[in-house]
$ cat input-v5.tsv   # TSV, C-alpha atoms
chain	number	residue	atom	x	y	z
A	1	SER	CA	2.31	1.86	-61.90
A	2	MET	CA	-0.32	-0.84	-61.92
A	3	GLY	CA	-1.20	0.01	-65.50
A	4	ASN	CA	-2.25	3.43	-64.25
A	5	PRO	CA	-0.15	5.82	-62.16
A	6	HIS	CA	-0.36	5.73	-58.36
A	7	GLY	CA	1.25	7.75	-55.62
A	8	VAL	CA	1.07	6.38	-52.07
A	9	ILE	CA	1.37	8.52	-48.96
A	10	PHE	CA	1.70	6.82	-45.58
A	11	LEU	CA	-0.04	8.49	-42.66
A	12	GLU	CA	0.75	8.22	-38.96
A	13	SER	CA	-2.85	8.97	-37.91
A	14	ASP	CA	-6.30	9.64	-39.34
A	15	GLU	CA	-6.61	12.76	-41.46
A	16	SER	CA	-9.73	14.54	-42.70
A	17	ARG	CA	-10.94	14.08	-46.24
A	18	GLU	CA	-10.50	17.80	-46.81
A	19	TRP	CA	-6.82	17.56	-45.88
A	20	MET	CA	-6.36	14.49	-48.11
A	21	LYS	CA	-8.18	16.22	-50.97
A	22	SER	CA	-5.92	19.28	-50.76
A	23	VAL	CA	-2.79	17.10	-50.71
A	24	ALA	CA	-4.07	14.95	-53.59
A	25	HIS	CA	-4.71	18.03	-55.73
A	26	ARG	CA	-1.17	19.28	-55.06
A	27	VAL	CA	0.36	15.87	-55.89
A	28	GLU	CA	-1.71	15.62	-59.09
A	29	GLN	CA	-0.17	18.92	-60.25
A	30	LEU	CA	3.45	17.78	-59.88
A	31	PRO	CA	5.44	17.76	-63.13
A	32	GLU	CA	6.32	14.10	-62.49
A	33	PHE	CA	2.69	13.25	-63.28
A	34	PRO	CA	1.86	15.08	-66.53
A	35	GLU	CA	-1.33	13.02	-67.01
A	36	GLY	CA	-2.33	13.10	-63.34
A	37	VAL	CA	-2.03	10.39	-60.71
A	38	ASN	CA	-4.23	8.43	-58.32
A	39	VAL	CA	-3.21	9.28	-54.76
A	40	GLY	CA	-3.59	6.67	-52.02
A	41	PHE	CA	-3.47	7.58	-48.34
A	42	ALA	CA	-2.42	4.50	-46.38
A	43	ARG	CA	-2.08	3.79	-42.71
A	44	VAL	CA	-0.35	0.65	-41.46
A	45	VAL	CA	-2.24	-1.16	-38.70
A	46	GLU	CA	-0.22	-4.17	-37.53
A	47	ASN	CA	0.48	-5.99	-40.83
A	48	ASP	CA	-2.50	-4.61	-42.73
A	49	LEU	CA	-3.41	-1.32	-44.40
A	50	LEU	CA	-6.24	1.18	-44.17
A	51	LEU	CA	-6.48	2.95	-47.54
A	52	THR	CA	-8.35	5.92	-48.98
A	53	VAL	CA	-7.85	6.62	-52.70
A	54	HIS	CA	-8.37	9.90	-54.52
A	55	GLU	CA	-8.61	8.96	-58.21
A	56	ARG	CA	-7.44	11.37	-60.86
A	57	GLY	CA	-10.39	13.09	-62.46
A	58	CYS	CA	-12.94	11.44	-60.12
A	59	GLY	CA	-12.21	12.24	-56.50
A	60	PHE	CA	-12.52	9.81	-53.61
A	61	THR	CA	-13.59	6.29	-54.49
A	62	GLU	CA	-15.11	3.50	-52.41
A	63	ALA	CA	-12.73	0.88	-53.78
A	64	CYS	CA	-9.63	0.80	-55.95
A	65	GLY	CA	-8.01	-2.55	-56.70
A	66	THR	CA	-5.00	-1.09	-58.47
A	67	GLY	CA	-4.58	1.38	-55.61
A	68	ALA	CA	-4.64	-1.46	-53.07
A	69	CYS	CA	-2.00	-3.35	-55.05
A	70	ALA	CA	0.17	-0.25	-55.37
A	71	ALA	CA	-0.12	0.53	-51.65
A	72	VAL	CA	0.92	-3.00	-50.68
A	73	ALA	CA	3.84	-2.98	-53.12
A	74	VAL	CA	5.13	0.32	-51.73
A	75	ALA	CA	4.51	-0.83	-48.14
A	76	MET	CA	6.59	-3.94	-48.80
A	77	VAL	CA	9.41	-2.06	-50.52
A	78	GLN	CA	9.55	0.39	-47.59
A	79	GLY	CA	9.43	-2.41	-45.00
A	80	HIS	CA	6.02	-1.57	-43.48
A	81	VAL	CA	4.70	-5.09	-44.21
A	82	HIS	CA	6.43	-8.35	-45.13
A	83	TYR	CA	6.92	-9.85	-48.58
A	84	GLY	CA	5.14	-13.12	-49.23
A	85	HIS	CA	2.40	-12.49	-46.67
A	86	GLU	CA	-1.21	-11.75	-47.52
A	87	VAL	CA	-2.08	-8.17	-46.59
A	88	SER	CA	-5.62	-7.03	-45.88
A	89	VAL	CA	-6.35	-3.61	-47.37
A	90	GLU	CA	-9.42	-1.98	-45.86
A	91	LEU	CA	-11.04	0.52	-48.22
A	92	PRO	CA	-14.28	2.45	-47.56
A	93	GLY	CA	-16.17	-0.07	-49.74
A	94	GLY	CA	-14.69	-3.19	-48.13
A	95	ALA	CA	-11.54	-5.24	-47.78
A	96	LEU	CA	-9.24	-6.71	-50.40
A	97	MET	CA	-6.53	-9.31	-49.78
A	98	ILE	CA	-3.26	-8.63	-51.60
A	99	HIS	CA	-0.33	-11.05	-51.97
A	100	TRP	CA	3.04	-10.29	-53.55
A	101	GLU	CA	6.31	-12.22	-53.43
A	102	GLY	CA	8.37	-9.28	-54.71
A	103	ALA	CA	9.96	-7.77	-57.82
A	104	GLY	CA	9.38	-9.72	-61.02
A	105	GLU	CA	6.46	-11.64	-59.51
A	106	PRO	CA	2.75	-11.06	-60.14
A	107	ILE	CA	0.71	-9.30	-57.52
A	108	TRP	CA	-2.51	-11.12	-56.58
A	109	MET	CA	-5.75	-9.54	-55.40
A	110	GLU	CA	-8.74	-11.28	-53.90
A	111	GLY	CA	-12.00	-9.71	-52.85
A	112	PRO	CA	-15.76	-9.81	-53.21
A	113	SER	CA	-17.57	-9.11	-56.43
A	114	VAL	CA	-21.04	-7.63	-56.14
A	115	ARG	CA	-23.46	-6.14	-58.64
A	116	VAL	CA	-24.03	-2.49	-57.85
A	117	MET	CA	-26.30	-1.56	-60.75
A	118	THR	CA	-27.87	-2.81	-63.96
A	119	GLY	CA	-28.88	-0.90	-67.04
A	120	HIS	CA	-29.73	-1.09	-70.69
A	121	ALA	CA	-28.78	0.83	-73.79
A	122	VAL	CA	-31.27	3.29	-75.23
A	123	ALA	CA	-31.24	3.87	-78.97
A	124	ARG	CA	-31.25	7.52	-79.99

$ encode --input "input-v5.tsv" --output "structure tokens"
Amino acid sequence: SMGNPHGVIFLESDESREWMKSVAHRVEQLPEFPEGVNVGFARVVENDLLLTVHERGCGFTEACGTGACAAVAVAMVQGHVHYGHEVSVELPGGALMIHWEGAGEPIWMEGPSVRVMTGHAVAR
């Protein structure tokens, strides 16, 4: 958990969005996740990750900071990448840099911040 529940599935090769969507829907229905779960599909490329996230109740998302942090934490615990090294996580919307020293330590995320829309409230 990164404050919200995440499941991370590591892939050996690229998979279609339809395949990922069907798997995500099955994982979301598991009794271990009574309130649903965000499902990240990660692929390790050298010491970095490619990540696609299917968010509970929303579907695929362009970027997911908590998903990137969760994927790196799981990748480190499983030995896919090394503790204490910055890991680039490439999401459809761009890359995030994640750094974690290990259990009991904060996980740090760095990435761009861009305005994607503006709006104003309308009184009814």

$ residues_around --input "input-v5.tsv" --residues "Glu90 in chain A" --least-positions-apart "2" --cutoff "9 Å" --atoms "only C-alpha atoms" --output "list in words"
Asp48, Leu49, Leu50, Leu51, Thr52, Ala68, Ser88, Pro92, Gly93, Gly94, Ala95, Leu96 and Met97 of chain A

$ residues_around --input "input-v5.tsv" --residues "Val81 in chain A" --least-positions-apart "5" --cutoff "8 Å" --atoms "all atoms listed in the file" --output "VMD selection string"
chain A and resid 47 to 48 72 75 to 76 87

$ residues_around --input "input-v5.tsv" --residues "range 98-113 of chain A" --least-positions-apart "6" --cutoff "6 Å" --atoms "only C-alpha atoms" --output "list in words"
Tyr83, Gly84, Glu86 and Val87 of chain A

$ closest_residue --input "input-v5.tsv" --among "A:His54, A:Ser13, A:Gly79, A:Thr66" --to "Arg26 in chain A" --atoms "all atoms listed in the file"
A:His54

$ closest_residue --input "input-v5.tsv" --among "A:Arg56, A:Ser22, A:Ile9, A:His120" --to "Gln78 in chain A" --atoms "all atoms listed in the file"
A:Ile9

$ closest_residue --input "input-v5.tsv" --among "A:Pro31, A:Arg17, A:Leu91, A:Gly36" --to "Cys69 in chain A" --atoms "only C-alpha atoms"
A:Leu91

$ atom_distance --input "input-v5.tsv" --atom1 "CA of His82 in chain A" --atom2 "CA of Arg43 in chain A"
15.0 Å

$ decode --input "input-v5.tsv" --residues "range 6-103 of chain A" --atoms "C-alpha atoms" --output "PDB file, in the first residue's frame"
ATOM      1  CA  HIS A   6      -1.644  -1.719  -5.381  1.00  0.00           C
ATOM      2  CA  GLY A   7      -0.984  -5.066  -6.966  1.00  0.00           C
ATOM      3  CA  VAL A   8       2.055  -5.385  -9.238  1.00  0.00           C
ATOM      4  CA  ILE A   9       2.413  -8.017 -11.947  1.00  0.00           C
ATOM      5  CA  PHE A  10       5.771  -8.428 -13.675  1.00  0.00           C
ATOM      6  CA  LEU A  11       5.685  -9.251 -17.378  1.00  0.00           C
ATOM      7  CA  GLU A  12       8.325 -10.978 -19.479  1.00  0.00           C
ATOM      8  CA  SER A  13       7.200  -9.258 -22.703  1.00  0.00           C
ATOM      9  CA  ASP A  14       4.717  -6.695 -24.011  1.00  0.00           C
ATOM     10  CA  GLU A  15       1.067  -7.614 -23.609  1.00  0.00           C
ATOM     11  CA  SER A  16      -2.004  -6.034 -25.179  1.00  0.00           C
ATOM     12  CA  ARG A  17      -4.158  -3.619 -23.235  1.00  0.00           C
ATOM     13  CA  GLU A  18      -7.089  -5.990 -23.663  1.00  0.00           C
ATOM     14  CA  TRP A  19      -5.140  -8.790 -21.975  1.00  0.00           C
ATOM     15  CA  MET A  20      -4.043  -6.450 -19.154  1.00  0.00           C
ATOM     16  CA  LYS A  21      -7.606  -5.181 -18.735  1.00  0.00           C
ATOM     17  CA  SER A  22      -8.992  -8.716 -18.396  1.00  0.00           C
ATOM     18  CA  VAL A  23      -6.314  -9.631 -15.836  1.00  0.00           C
ATOM     19  CA  ALA A  24      -6.859  -6.386 -13.903  1.00  0.00           C
ATOM     20  CA  HIS A  25     -10.601  -7.041 -13.669  1.00  0.00           C
ATOM     21  CA  ARG A  26      -9.948 -10.546 -12.328  1.00  0.00           C
ATOM     22  CA  VAL A  27      -7.422  -9.270  -9.759  1.00  0.00           C
ATOM     23  CA  GLU A  28      -9.810  -6.504  -8.653  1.00  0.00           C
ATOM     24  CA  GLN A  29     -12.411  -9.175  -7.844  1.00  0.00           C
ATOM     25  CA  LEU A  30     -10.152 -11.183  -5.524  1.00  0.00           C
ATOM     26  CA  PRO A  31     -11.394 -11.428  -1.929  1.00  0.00           C
ATOM     27  CA  GLU A  32      -8.030 -10.056  -0.740  1.00  0.00           C
ATOM     28  CA  PHE A  33      -9.075  -6.681  -2.180  1.00  0.00           C
ATOM     29  CA  PRO A  34     -12.609  -6.033  -0.892  1.00  0.00           C
ATOM     30  CA  GLU A  35     -12.432  -2.352  -1.908  1.00  0.00           C
ATOM     31  CA  GLY A  36     -10.665  -3.003  -5.209  1.00  0.00           C
ATOM     32  CA  VAL A  37      -7.018  -2.514  -6.118  1.00  0.00           C
ATOM     33  CA  ASN A  38      -4.893  -0.625  -8.624  1.00  0.00           C
ATOM     34  CA  VAL A  39      -3.080  -3.140 -10.821  1.00  0.00           C
ATOM     35  CA  GLY A  40       0.327  -2.272 -12.259  1.00  0.00           C
ATOM     36  CA  PHE A  41       1.867  -4.227 -15.121  1.00  0.00           C
ATOM     37  CA  ALA A  42       5.638  -3.804 -14.964  1.00  0.00           C
ATOM     38  CA  ARG A  43       8.441  -4.933 -17.201  1.00  0.00           C
ATOM     39  CA  VAL A  44      12.059  -4.708 -16.091  1.00  0.00           C
ATOM     40  CA  VAL A  45      14.396  -3.258 -18.715  1.00  0.00           C
ATOM     41  CA  GLU A  46      17.970  -3.289 -17.408  1.00  0.00           C
ATOM     42  CA  ASN A  47      17.604  -1.493 -14.037  1.00  0.00           C
ATOM     43  CA  ASP A  48      14.480   0.466 -14.932  1.00  0.00           C
ATOM     44  CA  LEU A  49      10.763  -0.288 -15.272  1.00  0.00           C
ATOM     45  CA  LEU A  50       8.121   0.121 -17.944  1.00  0.00           C
ATOM     46  CA  LEU A  51       4.749   0.429 -16.193  1.00  0.00           C
ATOM     47  CA  THR A  52       1.099   0.471 -17.198  1.00  0.00           C
ATOM     48  CA  VAL A  53      -1.442   1.025 -14.404  1.00  0.00           C
ATOM     49  CA  HIS A  54      -5.113   0.057 -14.391  1.00  0.00           C
ATOM     50  CA  GLU A  55      -6.670   2.123 -11.586  1.00  0.00           C
ATOM     51  CA  ARG A  56      -9.623   0.776  -9.664  1.00  0.00           C
ATOM     52  CA  GLY A  57     -12.814   2.402 -10.857  1.00  0.00           C
ATOM     53  CA  CYS A  58     -11.065   4.370 -13.636  1.00  0.00           C
ATOM     54  CA  GLY A  59      -9.274   2.075 -16.048  1.00  0.00           C
ATOM     55  CA  PHE A  60      -5.885   2.732 -17.607  1.00  0.00           C
ATOM     56  CA  THR A  61      -4.165   5.944 -16.581  1.00  0.00           C
ATOM     57  CA  GLU A  62      -1.392   7.966 -18.190  1.00  0.00           C
ATOM     58  CA  ALA A  63       0.525   8.358 -14.937  1.00  0.00           C
ATOM     59  CA  CYS A  64       0.330   6.979 -11.415  1.00  0.00           C
ATOM     60  CA  GLY A  65       2.889   8.138  -8.864  1.00  0.00           C
ATOM     61  CA  THR A  66       1.778   5.748  -6.146  1.00  0.00           C
ATOM     62  CA  GLY A  67       1.781   2.930  -8.696  1.00  0.00           C
ATOM     63  CA  ALA A  68       5.346   3.783  -9.724  1.00  0.00           C
ATOM     64  CA  CYS A  69       6.455   3.765  -6.082  1.00  0.00           C
ATOM     65  CA  ALA A  70       4.694   0.459  -5.426  1.00  0.00           C
ATOM     66  CA  ALA A  71       6.212  -1.139  -8.535  1.00  0.00           C
ATOM     67  CA  VAL A  72       9.733  -0.087  -7.538  1.00  0.00           C
ATOM     68  CA  ALA A  73       9.258  -1.296  -3.958  1.00  0.00           C
ATOM     69  CA  VAL A  74       8.067  -4.713  -5.154  1.00  0.00           C
ATOM     70  CA  ALA A  75      10.824  -4.859  -7.793  1.00  0.00           C
ATOM     71  CA  MET A  76      13.418  -4.213  -5.085  1.00  0.00           C
ATOM     72  CA  VAL A  77      11.955  -6.740  -2.650  1.00  0.00           C
ATOM     73  CA  GLN A  78      11.923  -9.372  -5.423  1.00  0.00           C
ATOM     74  CA  GLY A  79      15.469  -8.523  -6.530  1.00  0.00           C
ATOM     75  CA  HIS A  80      14.618  -7.155  -9.995  1.00  0.00           C
ATOM     76  CA  VAL A  81      16.340  -3.820  -9.238  1.00  0.00           C
ATOM     77  CA  HIS A  82      18.771  -2.741  -6.521  1.00  0.00           C
ATOM     78  CA  TYR A  83      18.014  -0.945  -3.271  1.00  0.00           C
ATOM     79  CA  GLY A  84      19.441   2.538  -2.932  1.00  0.00           C
ATOM     80  CA  HIS A  85      19.580   3.181  -6.679  1.00  0.00           C
ATOM     81  CA  GLU A  86      17.341   5.598  -8.526  1.00  0.00           C
ATOM     82  CA  VAL A  87      14.960   3.710 -10.811  1.00  0.00           C
ATOM     83  CA  SER A  88      13.366   5.276 -13.870  1.00  0.00           C
ATOM     84  CA  VAL A  89       9.725   4.250 -14.268  1.00  0.00           C
ATOM     85  CA  GLU A  90       8.398   4.901 -17.758  1.00  0.00           C
ATOM     86  CA  LEU A  91       4.626   5.387 -17.803  1.00  0.00           C
ATOM     87  CA  PRO A  92       2.517   6.277 -20.872  1.00  0.00           C
ATOM     88  CA  GLY A  93       2.465   9.923 -19.715  1.00  0.00           C
ATOM     89  CA  GLY A  94       6.203  10.190 -19.029  1.00  0.00           C
ATOM     90  CA  ALA A  95       8.964   9.071 -16.705  1.00  0.00           C
ATOM     91  CA  LEU A  96       9.264   9.274 -12.935  1.00  0.00           C
ATOM     92  CA  MET A  97      12.445   8.704 -10.931  1.00  0.00           C
ATOM     93  CA  ILE A  98      11.952   6.623  -7.776  1.00  0.00           C
ATOM     94  CA  HIS A  99      14.490   6.145  -4.971  1.00  0.00           C
ATOM     95  CA  TRP A 100      14.120   3.862  -1.954  1.00  0.00           C
ATOM     96  CA  GLU A 101      16.692   2.668   0.574  1.00  0.00           C
ATOM     97  CA  GLY A 102      14.459  -0.121   1.897  1.00  0.00           C
ATOM     98  CA  ALA A 103      12.031  -1.046   4.681  1.00  0.00           C
TER      99      ALA A 103
END
